[in-house]
Every structure is written in structure tokens, then in C-alpha cells.
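Structure record follows, encoded as C-alpha cells.
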Amino acid sequence: MRIEADLDRCVGAGQCVLTEPALFDQNDEDGRVVLLATEVDDGDDSAVAAVREAVHVCPSGALSLVDDR
Amino acid sequence: MSEQAVDPAAYPKVRTCPFAPEPEYAELRAKAPVTKVPMAGGGTAWLVTRHEHFRQVLGDPRMSSDLRHPGYPQLSPGQRAIADTMAPSMIGLDGPEHAAARRAVLGEFTVRRIEAIRPRIQQIVDDCIDEMLAAPRPVDLVRALSLPVPSLVICELLGVPYADHDFFQERSSRILRRTTSAESRGAAVEEIQAYLDGLVTAKEHEPTDDLIGRQIRKQREVGEADHDALVLMAFLLLVAGHDTSASMISLGVLALLENPDQLAEIVADPAKTLPAVEELLRYFTIIEAATSRTAVEDVEIGGVLIRAGEGVVALGSSANHDPEVFDRPDELDINRNARGHVAFGFGPHQCLGQNLARLELQIVFDTLFRRLPGLRLAVDVDDLPFKSDANIYGIYEMPVTW
């Protein structure tokens with residue numbers, strides 16, 4: 001599954017970084033999200049759950065998890 | 001200081017139980033989740049009580065944050081008059097203007113930047129506890145720890161002299177109290193503004209290595225010096241940055257003392273402090289009603305049509321006690337996943353300082369209960385003066401001993 005980030009919407013709250021620091025970071029200048037990976041393995045339940053939580057807690061709706069299948 | 005009585009029929013309601021939102025909110029959430037009510041500061045507004053609708057209102061770009069809008073919900077008397085005399089700080093801006101103001105300063109508040117000041121916060125907490133240990137008991141936790149920790153941290157971050165803390169703490173508390181008269185609140189706003197105006201001017205002559213100084217240098221690099229915007233930003237960060245965390249420190253310590261089994265879990269396993277902080281934020285939701293908007297177009301929320309120009313109060317305390325989202329919402333449970341809470345608001349205006357607040361709370365709870373294992377209230381919990389009349393809930397004074 002693909003992780004997508006809409007940088008125009010991102011408000012840099014950092015909630016995604018708190019949820020899954022292995023997948024999300026923030027840039028030092030304006031705090032917007034930096035994706036450390038754009039794919040998450042469908043079979044890795046805990047990773048998928050973490051991305052879902054990051055999408056849910058993102059206050060600006062900047063993150064989405066897209067299933068291409 | 002002249003005070004005004006709060007109309008019991010008006011919203012937001014005065015809290016009657018220190019550990020739960022007004023029971024009436026639960027009734028509204030079940031029966032009339034989007035309903036029009038009279039406001040404490042005059043006029044009417046739509047009250048939104050469900051978690052799902054809270055997120056919808058605050059995430060919708062058709063809902064404006066401009067405090068000067070005629071329909072903007074009036075939580076306190078005099079709110080309108082102050083909004084009219086001040087240019088909006090970032091909390092009063094919408095859309096691209098808001099995004100630009102927020103992004104200018106966001107680099108100072110990223111998870112990484114905040115984590116980097118952890119050793120300094122730890123030092124401040126340890127120093128405050130050293131002083132507590134040396135003082136005669138009982139000690140007022142609010143004066144000894146809850147207020148000085150976040151005040152020292154935000155002062156150092158901004159570059160505001162901590163020696164002036166009595167001056168701006170007294171005035172912020174007047175601004176935030178719902179019973180303060182319009183005149184008294186207006187004067188408090190003007191006095192803090194004048195103070196920060198002088199401070200920013202001094203830093204413009206000689207930029208220092210702190211948030212205000214760095215913003216001045218940054219503005220000069222792009223050739224966009226905006227003195228007034230800096231004063232407003234400093235005002236917002238200073239006022240929002242200490243009273244909120246101070247309230248959560250006092251209330252959090254109290255809730256953990258009242259739930260010794262859960263406190264014991266944190267002491268045994270500091271990793272549990274992180275979820276405990278989220279749960280305490282949810283449980284108390286100290287900014288229960290400050291998340292207000294005005295519809296700038298017709299918007300439908302929960303099947304109710306909100307017309308352009310009408311005000312909406314998204315009630316965080318009610319959203320965070322919505323049983324559709326949080327099982328047994330009125331119980332404190334540090335082992336639940338409370339991360340979906342909206343204690344920091346939602347949408348593009350979600351609290352800029354939330355990661356600083358989380359870190360302060362985490363360090364305080366870990367350090368305080370480790371260093372003072374016998375900590376207990378020195379008075380009965382029912383005798384504590386709760387800030388049930390303020391726009392930021394908290395405790396005025398909390399005598400403790402050990």
C-alpha cells in the first residue's frame with residue numbers, strides 16, 4: 001500500500017512522527033511532513049495499523065493510505 | 001478588579017464536577033448533538049458536542065477562525081471589543097495567510113526540535129523540585145512546579161525575561177477568566193502587548209539567539225520585517241504557552257494521586273507515562289470550548305444546516321467524552337489508546353505547542369513521583385479551588401505534602 005502526503009494541507013503538527021517515527025519525519029524549516037518511505041507492506045499488520053493511526057490523528061487530512069490492488 | 005457574574009443559562013457551562021465535563025453535554029450529545037444555544041458573551045451559537053462533528057467543523061475550510069467576524073461565538077463579555085482593536089494573530093487567520101504565519105514559526109516546534117530541549121526541561125523540573133524539598137510543608141504545587149516549569153521553558157524559548165513572570169502571569173490569568181469584566185480584560189491585553197512591543201523593539205536593535213531573535217533575522221533575510229506580527233505571535237505563544245501546561249500539570253498530578261493503582265503502573269514502568277499523558281489530556285480537556293468558528297458558507301453538520309454567518313462552538317470536552325469513540329469515557333484509564341483525542345483541537349489550527357506540552361508533562365510526572373514517592377494532597381480534594389469559571393480549566397492553588 002502507498003502512503004501519500006499532501007504538502008499543501010500539512011500543518012506540521014507532528015502527530016505522524018509521534019505515531020511512527022520510522023516512516024514519518026518533519027523538515028526543519030517549516031515542520032512539514034517528510035515521508036521516509038512511500039510503501040508499506042500489506043502483510044505487516046503492525047506497520048499498516050501505525051499508518052492508519054497516523055492518517056486518523058493527522059489534523060489537516062494531509063496523509064492517506066492508498067490500496068492500489 | 002471588577003467581575004461579572006456568569007449567566008447560568010449561557011454556554012459554555014461552568015463545570016460542577018472537577019473530574020468530568022458538565023453532565024448536560026452528554027445529554028445534548030445523545031439528543032441534540034448540533035444545537036443553538038445562548039452564549040456567555042452574548043448572542044447565540046451552534047454547540048457541537050460529538051467527536052465526529054467536532055473534527056468535521058474544525059477541518060472544514062468553510063469554517064472561519066477570524067475572531068472579528070460578527071457571528072463569531074462570544075465565550076466571554078468583551079471578547080468582541082478586544083478582537084476589534086487587535087490585528088489577528090495566527091489563531092485568527094484563515095487559509096493561505098494562516099498557513100504562512102504558522103509555517104514561519106513551525107520549525108521551532110517540530111518533534112525533533114522540542115526533543116532537543118529535553119535536558120533543559122529536565123534541569124528546570126529538577127531545580128523546582130529541589131526548591132520544593134527545601135521549603136516548609138505544605139507546598140503549593142501550582143506556585144512551586146506547575147507554573148514555573150512551563151513559564152521558564154516558554155520564556156527561555158521566546159527570549160522573554162523570566163523575572164517579569166508575575167507581570168504577565170497575572171494579566172494572562174485575568175484574560176482567561178470568564179468572569180473578568182470587559183474593561184479589565186482589555187487593559188490586561190494592552191499591557192502585555194505594550195510590554196512585548198518594547199521587548200521586540202529591543203531585539204530588533206540587537207537580535208538575540210532565541211525564537212523572537214531568530215524570527216527577526218529570518219524576516220530580514222527575506223526583506224519582510226513585520227514588527228506587529230512578531231508582537232502578536234509572541235503574545236500568543238507566551239499566553240498560550242504557560243497557563244495551559246500549568247493546568248495540566250496540576251490536574252494530572254491530582255488525577256494520578258486519586259488513582260494510586262494507575263500511578264503505581266507509571267512509577268514501575270516509565271514507558272507508560274506517554275499513553276498516560278494522552279489519556280490525561282483527553283480526560284480533562286482543559287480548553288473545552290475555545291474552538292470556535294463562523295460558517296462563511298452554508299454548511300451541514302450532522303444533518304443540521306448551519307447558515308453562512310452563524311457561529312459554531314466545537315466543544316472539545318464533550319467530543320473527548322463521546323462514548324462512540326472512547327469506551328467508558330468518564331473513567332481515567334492510562335492503558336487505553338487515547339491518541340484520537342482532540343484536547344489540542346483539530347484541523348489546521350491544532351495546537352502549535354502540543355509536542356512541547358507533551359514533553360513537559362511527561363518529564364514532570366516521571367520526575368515528581370520518582371523524587372517524592374510519598375506525595376499527597378495536604379487538603380481535601382473538595383476544598384481545592386478549581387478554575388471552573390475560566391476558559392482554560394485548572395486549579396488556582398494545590399497544597400501538597402510528602
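Residue names in the C-alpha cells use chain letters A, B, ... in the order shown, residue numbers from 1 in each chain, and ligand numbers from 1 in the order shown.
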
- Out of stretch 22-69 of chain A, which residues get strand (DSSP E) from DSSP, as a VMD selection string? chain A and resid 24 to 26 33 to 35 63 to 66

- Item | Who sits within 10 Å of B:Phe369, only C-alpha atoms, same chain under 5 positions skipped, as a ChimeraX atom specification | /B:253,256-257,263-264,266-267,364,374-375

Those same residues, written as a PDB file, in the first residue's frame with all heavy atoms?
```
ATOM      1  N   VAL B 253      -1.318  15.631  38.137  1.00  0.00           N
ATOM      2  CA  VAL B 253      -0.800  15.139  39.419  1.00  0.00           C
ATOM      3  C   VAL B 253      -1.972  14.731  40.307  1.00  0.00           C
ATOM      4  O   VAL B 253      -1.980  13.649  40.909  1.00  0.00           O
ATOM      5  CB  VAL B 253       0.078  16.212  40.114  1.00  0.00           C
ATOM      6  CG1 VAL B 253       0.374  15.832  41.563  1.00  0.00           C
ATOM      7  CG2 VAL B 253       1.376  16.417  39.337  1.00  0.00           C
ATOM      8  N   LEU B 256      -3.651  11.453  39.142  1.00  0.00           N
ATOM      9  CA  LEU B 256      -2.824  10.279  39.420  1.00  0.00           C
ATOM     10  C   LEU B 256      -2.820   9.963  40.920  1.00  0.00           C
ATOM     11  O   LEU B 256      -2.847   8.796  41.312  1.00  0.00           O
ATOM     12  CB  LEU B 256      -1.407  10.478  38.880  1.00  0.00           C
ATOM     13  CG  LEU B 256      -1.335  10.484  37.341  1.00  0.00           C
ATOM     14  CD1 LEU B 256       0.022  10.951  36.841  1.00  0.00           C
ATOM     15  CD2 LEU B 256      -1.648   9.096  36.758  1.00  0.00           C
ATOM     16  N   LEU B 257      -2.803  11.024  41.762  1.00  0.00           N
ATOM     17  CA  LEU B 257      -2.888  10.779  43.209  1.00  0.00           C
ATOM     18  C   LEU B 257      -4.229  10.138  43.572  1.00  0.00           C
ATOM     19  O   LEU B 257      -4.313   9.316  44.491  1.00  0.00           O
ATOM     20  CB  LEU B 257      -2.726  12.094  43.990  1.00  0.00           C
ATOM     21  CG  LEU B 257      -1.340  12.735  43.972  1.00  0.00           C
ATOM     22  CD1 LEU B 257      -1.371  14.083  44.693  1.00  0.00           C
ATOM     23  CD2 LEU B 257      -0.289  11.819  44.615  1.00  0.00           C
ATOM     24  N   LEU B 263      -1.123   5.236  39.074  1.00  0.00           N
ATOM     25  CA  LEU B 263       0.133   5.918  39.384  1.00  0.00           C
ATOM     26  C   LEU B 263       1.252   4.887  39.594  1.00  0.00           C
ATOM     27  O   LEU B 263       2.364   5.035  39.075  1.00  0.00           O
ATOM     28  CB  LEU B 263      -0.037   6.797  40.635  1.00  0.00           C
ATOM     29  CG  LEU B 263       1.224   7.461  41.176  1.00  0.00           C
ATOM     30  CD1 LEU B 263       1.898   8.334  40.113  1.00  0.00           C
ATOM     31  CD2 LEU B 263       0.908   8.311  42.402  1.00  0.00           C
ATOM     32  N   ALA B 264       0.929   3.818  40.313  1.00  0.00           N
ATOM     33  CA  ALA B 264       1.929   2.775  40.569  1.00  0.00           C
ATOM     34  C   ALA B 264       2.419   2.144  39.260  1.00  0.00           C
ATOM     35  O   ALA B 264       3.604   1.810  39.120  1.00  0.00           O
ATOM     36  CB  ALA B 264       1.341   1.696  41.488  1.00  0.00           C
ATOM     37  N   ILE B 266       2.726   3.664  36.375  1.00  0.00           N
ATOM     38  CA  ILE B 266       3.655   4.602  35.729  1.00  0.00           C
ATOM     39  C   ILE B 266       5.013   4.577  36.423  1.00  0.00           C
ATOM     40  O   ILE B 266       6.067   4.590  35.777  1.00  0.00           O
ATOM     41  CB  ILE B 266       3.103   6.044  35.787  1.00  0.00           C
ATOM     42  CG1 ILE B 266       1.825   6.152  34.984  1.00  0.00           C
ATOM     43  CG2 ILE B 266       4.118   7.034  35.274  1.00  0.00           C
ATOM     44  CD1 ILE B 266       1.183   7.519  35.096  1.00  0.00           C
ATOM     45  N   VAL B 267       4.969   4.555  37.763  1.00  0.00           N
ATOM     46  CA  VAL B 267       6.224   4.569  38.512  1.00  0.00           C
ATOM     47  C   VAL B 267       7.028   3.298  38.208  1.00  0.00           C
ATOM     48  O   VAL B 267       8.244   3.328  38.046  1.00  0.00           O
ATOM     49  CB  VAL B 267       5.948   4.725  40.031  1.00  0.00           C
ATOM     50  CG1 VAL B 267       7.226   4.556  40.835  1.00  0.00           C
ATOM     51  CG2 VAL B 267       5.320   6.091  40.316  1.00  0.00           C
ATOM     52  N   VAL B 364       7.650  16.017  33.938  1.00  0.00           N
ATOM     53  CA  VAL B 364       7.173  16.370  35.283  1.00  0.00           C
ATOM     54  C   VAL B 364       6.636  15.132  36.007  1.00  0.00           C
ATOM     55  O   VAL B 364       7.023  14.857  37.148  1.00  0.00           O
ATOM     56  CB  VAL B 364       6.083  17.466  35.234  1.00  0.00           C
ATOM     57  CG1 VAL B 364       5.354  17.554  36.567  1.00  0.00           C
ATOM     58  CG2 VAL B 364       6.706  18.809  34.896  1.00  0.00           C
ATOM     59  N   GLY B 374       6.215   9.864  48.400  1.00  0.00           N
ATOM     60  CA  GLY B 374       5.135   9.963  49.390  1.00  0.00           C
ATOM     61  C   GLY B 374       4.201  11.141  49.131  1.00  0.00           C
ATOM     62  O   GLY B 374       3.424  11.529  50.007  1.00  0.00           O
ATOM     63  N   LEU B 375       4.282  11.714  47.922  1.00  0.00           N
ATOM     64  CA  LEU B 375       3.492  12.919  47.627  1.00  0.00           C
ATOM     65  C   LEU B 375       2.004  12.691  47.871  1.00  0.00           C
ATOM     66  O   LEU B 375       1.445  11.675  47.467  1.00  0.00           O
ATOM     67  CB  LEU B 375       3.714  13.340  46.169  1.00  0.00           C
ATOM     68  CG  LEU B 375       3.142  14.703  45.786  1.00  0.00           C
ATOM     69  CD1 LEU B 375       4.017  15.837  46.304  1.00  0.00           C
ATOM     70  CD2 LEU B 375       2.985  14.826  44.275  1.00  0.00           C
TER      71      LEU B 375
END
```

- Item | Picked from stretch 79-218 of chain B by DSSP as helix (DSSP H, G or I), as a count of residues only | 112

- Message: Could you list, as a PyMOL selection string, every residue within 10 Å of A:Leu36, counting only C-alpha atoms and ignoring same-chain residues fewer than 5 positions away?
- Response: chain A and resi 21-26

Atoms to include: N, CA and C atoms. Write the selected residues as a PDB file, in the first residue's frame.
```pdb
ATOM      1  N   PRO A  21       7.779   7.024  13.950  1.00  0.00           N
ATOM      2  CA  PRO A  21       8.974   7.781  13.545  1.00  0.00           C
ATOM      3  C   PRO A  21       9.816   7.080  12.469  1.00  0.00           C
ATOM      4  N   ALA A  22       9.574   5.782  12.253  1.00  0.00           N
ATOM      5  CA  ALA A  22      10.336   5.096  11.208  1.00  0.00           C
ATOM      6  C   ALA A  22       9.825   5.460   9.816  1.00  0.00           C
ATOM      7  N   LEU A  23       8.610   5.943   9.739  1.00  0.00           N
ATOM      8  CA  LEU A  23       8.029   6.256   8.426  1.00  0.00           C
ATOM      9  C   LEU A  23       7.870   7.748   8.164  1.00  0.00           C
ATOM     10  N   PHE A  24       7.763   8.542   9.252  1.00  0.00           N
ATOM     11  CA  PHE A  24       7.484   9.974   9.072  1.00  0.00           C
ATOM     12  C   PHE A  24       8.517  10.837   9.795  1.00  0.00           C
ATOM     13  N   ASP A  25       8.851  11.952   9.148  1.00  0.00           N
ATOM     14  CA  ASP A  25       9.732  12.941   9.764  1.00  0.00           C
ATOM     15  C   ASP A  25       9.166  14.328   9.423  1.00  0.00           C
ATOM     16  N   GLN A  26       9.791  15.377   9.974  1.00  0.00           N
ATOM     17  CA  GLN A  26       9.372  16.742   9.653  1.00  0.00           C
ATOM     18  C   GLN A  26      10.576  17.509   9.147  1.00  0.00           C
TER      19      GLN A  26
END
```

- Message: Contacts from chain B to chain A, 7 Å maximum, only C-alpha atoms: show me the residue list as a ChimeraX atom specification.
- Response: /B:59,103-104,106-107,110-111,340,346-348,350,352

- Query: So how many Å separate atom CA of B:Leu359 and atom CA of B:Leu251, to one decimal?
  - Reply: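 So the two atoms, atom CA of B:Leu359 and atom CA of B:Leu251, lie 16.0 Å apart.
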
- Counting only C-alpha atoms, which of B:His53, B:Arg102, B:Lys387, B:Arg120 gets nearest to B:Thr16? B:Lys387

- Task: For B:Glu279, work out the shell of residues within 8 Å, counting only C-alpha atoms and skipping chain neighbours fewer than 5 positions away, then give it as a PyMOL selection string.
- Result: chain B and resi 332-334+336-339

- Item | A:Ile3, A:Val48, A:Val40, A:Leu35 ranked by distance to A:Val66, top pick (using only C-alpha atoms) |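 Distance minimum relative to A:Val66 lands on A:Ile3.
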
- Atomic separation - atom CA of B:His98 relative to atom CA of B:Leu315, Å: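 Separating atom CA of B:Leu315 from atom CA of B:His98 is a distance of 22.3 Å.
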
- Query: Leaving out B:Ala188 and any residue of its chain fewer than 5 positions from it, which residues lie within 7 Å of it when counting only C-alpha atoms, given as a PyMOL selection string?
  - Reply: chain B and resi 171+174-175

- Query: atom CA of B:Val57 to atom CA of B:Arg293: how many Å, to one decimal?
  - Reply: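 Separating atom CA of B:Val57 from atom CA of B:Arg293 is a distance of 7.9 Å.
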